[in-house]
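Chemist: Have a look at this one.
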Amino acid sequence: MINSSLREIAAALAARKVSAVELAGLFLDRIERLNPVLNAFVTTDREKTLAMARAADASGAVGAPGAPLAGIPLAHKDIFCTRGWRTTCGSRMLDNFVAPYDAHVVEKLAAAGMVTLGKLNMDEFAMGSSNETSYFGPVRNPWDASRVPGGSSGGSAAAIAARLAPAATGTDTGGSIRQPAALCGLTGLKPTYGVVSRYGMIAFASSLDQGGPMAKSAEDCAMLLNAMAGFDARDSTSLERPAEDYARDLDQPLAGLRIGLPREFFGAGMDDDVRAAVEAALAEYRKLGATTVDIDLPNSGLSVPAYYVIAPAEASSNLSRFDGVRYGHRAAEYSDLVEMYERSRAEGFGAEVKRRILIGTYVLSHGYYDAYYLKAQKIRRLIAGDFRDAFAACDVIAGPTSPSVAFPFGAKSDDPVQMYLSDIYTISTNLAGLPGMSIPCGFGQGGMPVGLQLIGPWFGEARMLNVAHQYQQATDWHRRMPEGLA
């Protein structure tokens, strides 16, 4: 069952070939055996998980029409509040925090009958591209334990790649679903901003954060997005739109599809092994009836500097609530209120989080707001305009997800700028609020996975999933798993 798709697992549950309890036990046993090496899970609770599975079996929903996810296990990135579970956001600051409520995404997936396996490791407060900033230690890539899994949703990616879970939730602020999906050889989707509620998702950069599904295939992600999406009045950025079936177009042929290839994505900076795998994927699309057209995204080169002004600015505001007063870490010794704030935040936050708070506070300070933050917002508008113009000439945009395969631990730790450039192909979609996804398209140096990024127009998830699914019907990259983990 560990290699089965969500649809195949649902069919096995419906046929009573396996129960939800047996299925949950299978994955819990794998977690116990493999997580000490991979460090993908921060928190598990066998009794809570099995209780959810027993409830699913008893509900009558398993195998019922209209409940395709009932009884299927998944794991949540530890940025989503989950009632009664520790929710740490990968930080010492929240090491002892037990959420009193569920995030909207958690509510929706629980209502669909899914069974929670546990909480997944992540870069601290979602700040990182390698999962090296977690207070609980780095997650290891199942394809090579000496390499990073990507970040910040590295725990989610590693868990799926190692078959510790058939699916997981992730969040994407600048590529944090797509980049780890690429580095670990699975499928990850960032929806259009506002399609998935941010309620109960601990904020990093509120105008950029977006939750989404991570799984083995595009079909799996479509099933998960059907359950995750929807309006939520508790989130002021949630979009009130009619419900749609994101799997409706999966089987449509690709004849006549126009794939845009940004010149800016195929220049210098991409490793040769990544280029070869991406070019091979594009050749496969041409065999499937698609045509490729060259397009321009002239302001995409400004996406990284614009992002690293906007995101830290929003983070510095969002993280001001972690002060040791109401919840989270509080310093043991202090002489007055101000010192309590200072010591609690100094002890509770890691180096990368402190770096971004300092940057964000600086760019929002008097005399620098206009020089930095306001200009970055203007660039953001130009980037969105570039995409709008590009989609007049194409249906989807394709290119590499990451400029390289997974790199060794420590390779970029001492150079924050090089680490930030790991997201150079993904950040622009967050700035524009567009949907994007990564799918496996081959292997590069060291036998490490390579991801192909697809970007759709606003609310173009169904078409984008169709494009990904048809490629996965013609190839088997998404079915590969690391050796020695069976």
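Quick note on naming: the chains in the structure tokens go A, B, ... in the order shown, residues restart at 1 in each chain, and ligands are numbered from 1 in order of appearance.
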If you run DSSP on this backbone, which residues of region 372-439 of chain A come out as alpha helix (DSSP H), and could you give them as number ranges by chain?
Modeler: A: 375-390, 416-420, 427-432
Chemist: With only C-alpha atoms as the counted atoms, please give the residues lying no more than 12 Å from Arg381 (chain A), apart from itself and same-chain residues fewer than 5 positions off, as a list in words.
Modeler: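 Counting only the stated atoms, we get Asn299, Ser300, Leu302, Ser303, Ala306, Leu374, Lys375, Ala376, Asp386, Phe387, Arg388, Ser428, Thr429, Asn430, Leu431, Ala432 and Gly433 of chain A.
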Chemist: Go ahead and save the residues from that selection, with C-alpha atoms, as an mmCIF file, in the first residue's frame.
Modeler:
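Okay, this is what ended up in result-v2.cif:
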```
data_model
loop_
_atom_site.group_PDB
_atom_site.id
_atom_site.type_symbol
_atom_site.label_atom_id
_atom_site.label_comp_id
_atom_site.auth_asym_id
_atom_site.auth_seq_id
_atom_site.Cartn_x
_atom_site.Cartn_y
_atom_site.Cartn_z
ATOM 1 C CA ASN A 299 11.008 41.732 -14.235
ATOM 2 C CA SER A 300 11.431 38.201 -12.880
ATOM 3 C CA LEU A 302 13.886 41.406 -9.490
ATOM 4 C CA SER A 303 11.698 38.852 -7.702
ATOM 5 C CA ALA A 306 11.637 42.318 -3.896
ATOM 6 C CA LEU A 374 7.254 50.804 -1.276
ATOM 7 C CA LYS A 375 9.583 50.161 -4.219
ATOM 8 C CA ALA A 376 9.387 46.412 -3.645
ATOM 9 C CA ASP A 386 4.481 40.403 -16.825
ATOM 10 C CA PHE A 387 2.601 37.187 -16.091
ATOM 11 C CA ARG A 388 -0.673 38.673 -17.256
ATOM 12 C CA SER A 428 7.701 35.312 -8.644
ATOM 13 C CA THR A 429 4.509 33.208 -8.549
ATOM 14 C CA ASN A 430 3.987 34.075 -4.874
ATOM 15 C CA LEU A 431 4.522 37.773 -5.548
ATOM 16 C CA ALA A 432 1.899 37.560 -8.305
ATOM 17 C CA GLY A 433 -0.472 35.284 -6.327
#
```
Chemist: Choose the residue, out of A:Pro253, A:Pro36, A:Pro149, A:Gly360, that has the smallest atom-to-atom separation from Gln473 (chain A); count only C-alpha atoms.
Modeler: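 Smallest distance to Gln473 (chain A) is found for A:Pro253.
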Chemist: Could you give me, as a PDB file with C-alpha atoms, in the first residue's frame, the residues within 10 Å of Lys287 (chain A), counting only C-alpha atoms and dropping anything in the same chain fewer than 5 positions from it?
Modeler:
```pdb
ATOM      1  CA  LEU A 254      -3.067  18.047 -24.418  1.00  0.00           C
ATOM      2  CA  ALA A 255      -3.504  18.650 -28.141  1.00  0.00           C
ATOM      3  CA  ALA A 281      10.195  16.706 -20.074  1.00  0.00           C
ATOM      4  CA  LEU A 282       9.371  19.421 -22.595  1.00  0.00           C
ATOM      5  CA  ALA A 474       3.169   9.004 -19.929  1.00  0.00           C
TER       6      ALA A 474
END
```
Chemist: Write out as a list in words which residues come within 9 Å of Asp209 (chain A) when counting only C-alpha atoms, dropping same-chain ones fewer than 4 positions away.
Modeler: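 Residues meeting the cut-off are Thr171, Asp172, Thr173, Gly174, Tyr193, Arg198, Met201, Ala203, Phe204, Ala205 and Asn430 of chain A.
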Chemist: Any chance you can output those residues with N, CA and C atoms as a PDB file, in the first residue's frame?
Modeler:
```
ATOM      1  N   THR A 171       3.050  24.529   3.150  1.00  0.00           N
ATOM      2  CA  THR A 171       2.777  25.939   2.883  1.00  0.00           C
ATOM      3  C   THR A 171       3.869  26.481   1.982  1.00  0.00           C
ATOM      4  N   ASP A 172       3.490  27.496   1.204  1.00  0.00           N
ATOM      5  CA  ASP A 172       4.385  28.037   0.189  1.00  0.00           C
ATOM      6  C   ASP A 172       4.326  29.556   0.255  1.00  0.00           C
ATOM      7  N   THR A 173       5.437  30.165   0.712  1.00  0.00           N
ATOM      8  CA  THR A 173       5.543  31.622   0.791  1.00  0.00           C
ATOM      9  C   THR A 173       6.414  32.158  -0.337  1.00  0.00           C
ATOM     10  N   GLY A 174       7.425  31.368  -0.724  1.00  0.00           N
ATOM     11  CA  GLY A 174       8.286  31.754  -1.839  1.00  0.00           C
ATOM     12  C   GLY A 174       8.772  30.541  -2.620  1.00  0.00           C
ATOM     13  N   TYR A 193      -3.454  32.469  -4.570  1.00  0.00           N
ATOM     14  CA  TYR A 193      -3.562  33.104  -3.250  1.00  0.00           C
ATOM     15  C   TYR A 193      -5.029  33.354  -2.911  1.00  0.00           C
ATOM     16  N   ARG A 198      -6.004  30.702   5.245  1.00  0.00           N
ATOM     17  CA  ARG A 198      -4.817  30.768   6.107  1.00  0.00           C
ATOM     18  C   ARG A 198      -5.182  30.744   7.589  1.00  0.00           C
ATOM     19  N   MET A 201      -3.076  28.895  10.316  1.00  0.00           N
ATOM     20  CA  MET A 201      -1.747  28.646   9.750  1.00  0.00           C
ATOM     21  C   MET A 201      -0.843  29.756  10.284  1.00  0.00           C
ATOM     22  N   ALA A 203       1.467  32.590  10.810  1.00  0.00           N
ATOM     23  CA  ALA A 203       1.837  33.507   9.735  1.00  0.00           C
ATOM     24  C   ALA A 203       3.336  33.761   9.676  1.00  0.00           C
ATOM     25  N   PHE A 204       3.854  33.780   8.444  1.00  0.00           N
ATOM     26  CA  PHE A 204       5.199  34.266   8.135  1.00  0.00           C
ATOM     27  C   PHE A 204       5.029  35.591   7.424  1.00  0.00           C
ATOM     28  N   ALA A 205       4.603  35.561   6.169  1.00  0.00           N
ATOM     29  CA  ALA A 205       4.357  36.778   5.396  1.00  0.00           C
ATOM     30  C   ALA A 205       2.932  36.686   4.846  1.00  0.00           C
ATOM     31  N   ASN A 430       4.563  33.603  -6.135  1.00  0.00           N
ATOM     32  CA  ASN A 430       3.987  34.075  -4.874  1.00  0.00           C
ATOM     33  C   ASN A 430       3.744  35.571  -4.909  1.00  0.00           C
TER      34      ASN A 430
END
```
Chemist: Figure out the distance between CA of Ser153 (chain A) and CA of Arg46 (chain A), please, to one decimal in Å.
Modeler: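 Between these atoms lies a distance of 22.6 Å.
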Chemist: For region 434-449 of chain A, please output as an MDAnalysis selection string all residues within 6 Å (counting only C-alpha atoms; exclusion window: fewer than 2 positions along the same chain).
Modeler: chainID A and resid 178 183 185:192 273 277 429 432 451:456 458 477:478
Chemist: Kindly export the residues of the current selection with N, CA and C atoms, as a short mmCIF file (atom, residue, chain, number, x, y, z; two decimals), in the first residue's frame.
Modeler:
```
data_model
loop_
_atom_site.label_atom_id
_atom_site.label_comp_id
_atom_site.auth_asym_id
_atom_site.auth_seq_id
_atom_site.Cartn_x
_atom_site.Cartn_y
_atom_site.Cartn_z
N ARG A 178 6.90 23.80 -3.53
CA ARG A 178 7.41 23.33 -4.82
C ARG A 178 8.88 22.93 -4.76
N LEU A 183 13.12 18.61 -4.88
CA LEU A 183 14.35 18.01 -4.35
C LEU A 183 14.12 16.60 -3.81
N GLY A 185 11.50 14.54 -5.14
CA GLY A 185 10.89 13.70 -6.17
C GLY A 185 9.42 13.40 -5.98
N LEU A 186 8.62 14.43 -5.66
CA LEU A 186 7.18 14.23 -5.53
C LEU A 186 6.45 15.43 -6.12
N THR A 187 5.13 15.44 -5.97
CA THR A 187 4.30 16.48 -6.55
C THR A 187 3.81 17.41 -5.45
N GLY A 188 3.96 18.72 -5.66
CA GLY A 188 3.48 19.69 -4.69
C GLY A 188 2.82 20.85 -5.41
N LEU A 189 1.72 21.35 -4.85
CA LEU A 189 0.94 22.39 -5.52
C LEU A 189 0.69 23.57 -4.59
N LYS A 190 1.00 24.77 -5.08
CA LYS A 190 0.64 26.02 -4.42
C LYS A 190 -0.56 26.62 -5.16
N PRO A 191 -1.72 26.70 -4.52
CA PRO A 191 -2.88 27.27 -5.20
C PRO A 191 -2.79 28.78 -5.37
N THR A 192 -3.72 29.31 -6.14
CA THR A 192 -3.89 30.77 -6.23
C THR A 192 -4.08 31.34 -4.84
N ASP A 273 22.56 19.33 -15.35
CA ASP A 273 21.75 18.13 -15.15
C ASP A 273 20.27 18.48 -15.00
N ALA A 277 17.11 17.36 -17.76
CA ALA A 277 15.87 16.72 -17.35
C ALA A 277 14.66 17.56 -17.75
N THR A 429 5.92 33.62 -8.57
CA THR A 429 4.51 33.21 -8.55
C THR A 429 3.83 33.63 -7.25
N ALA A 432 3.04 37.31 -7.42
CA ALA A 432 1.90 37.56 -8.31
C ALA A 432 0.62 36.89 -7.83
N GLY A 451 12.85 18.54 -10.48
CA GLY A 451 11.45 18.92 -10.59
C GLY A 451 11.20 19.87 -11.76
N LEU A 452 10.07 19.67 -12.44
CA LEU A 452 9.59 20.58 -13.47
C LEU A 452 8.51 21.45 -12.86
N GLN A 453 8.63 22.76 -12.99
CA GLN A 453 7.63 23.67 -12.46
C GLN A 453 6.62 24.03 -13.54
N LEU A 454 5.35 24.00 -13.16
CA LEU A 454 4.26 24.47 -14.00
C LEU A 454 3.59 25.64 -13.30
N ILE A 455 3.31 26.70 -14.03
CA ILE A 455 2.65 27.88 -13.49
C ILE A 455 1.41 28.14 -14.32
N GLY A 456 0.28 28.33 -13.67
CA GLY A 456 -0.96 28.60 -14.38
C GLY A 456 -1.44 30.01 -14.15
N TRP A 458 -4.27 32.85 -12.90
CA TRP A 458 -5.05 32.90 -11.68
C TRP A 458 -6.26 31.98 -11.79
N TRP A 477 8.23 8.85 -13.38
CA TRP A 477 9.13 9.49 -12.42
C TRP A 477 8.48 9.63 -11.05
N HIS A 478 7.18 9.92 -11.03
CA HIS A 478 6.48 10.14 -9.76
C HIS A 478 6.27 8.86 -8.97
#
```
Chemist: CA of Gly60 (chain A) and CA of Ala10 (chain A) are how many Å apart?
Modeler: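 Between CA of Gly60 (chain A) and CA of Ala10 (chain A) the gap works out to 13.3 Å.
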Chemist: Residues within 8 Å of region 138-142 of chain A, please, as a VMD selection string. Count only C-alpha atoms; anything in the same chain fewer than 3 positions from it doesn't count.
Modeler: chain A and resid 37 to 40 121 to 122 131 to 134 145 to 149 154 to 155 158 161 to 162 184 482
Chemist: From the set A:Ile379, A:Val62, A:Val353, A:Leu465, which residue has the shortest atom-to-atom contact distance to Ile9 (chain A), counting only C-alpha atoms?
Modeler: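 So, comparing all the options, the nearest one is A:Val62.
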Chemist: Quick one: pick out all strand (DSSP E or B) residues within region 182-362 of chain A from a backbone DSSP run and write them as a ChimeraX atom specification.
Modeler: /A:187-190,201,211-215,258-262,291-295
Chemist: Would you please work out which residue, of A:Tyr246, A:Tyr425, A:Trp143, A:Tyr135, is nearest to Val195 (chain A) when using only C-alpha atoms?
Modeler: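 Comparing A:Tyr246, A:Tyr425, A:Trp143, A:Tyr135 against Val195 (chain A), the winner is A:Tyr246.
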Chemist: Excluding Asp29 (chain A) and any residue of its chain fewer than 4 positions from it, enumerate the residues within 12 Å of it, using only C-alpha atoms, and give them as a VMD selection string.
Modeler: chain A and resid 2 22 to 25 33 to 35 44 to 46 117 163 to 165
Chemist: Could you tell me how far CA of Asp414 (chain A) lies from CA of Tyr368 (chain A), in Å and to one decimal?
Modeler: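 Taking CA of Asp414 (chain A) and CA of Tyr368 (chain A), their separation equals 26.9 Å.
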Chemist: Counting only C-alpha atoms, which of A:Ala268, A:Ala103, A:Ala14, A:Leu69 gets nearest to Asp220 (chain A)?
Modeler: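 Looking at the shortest contact to Asp220 (chain A), the residue is A:Leu69.
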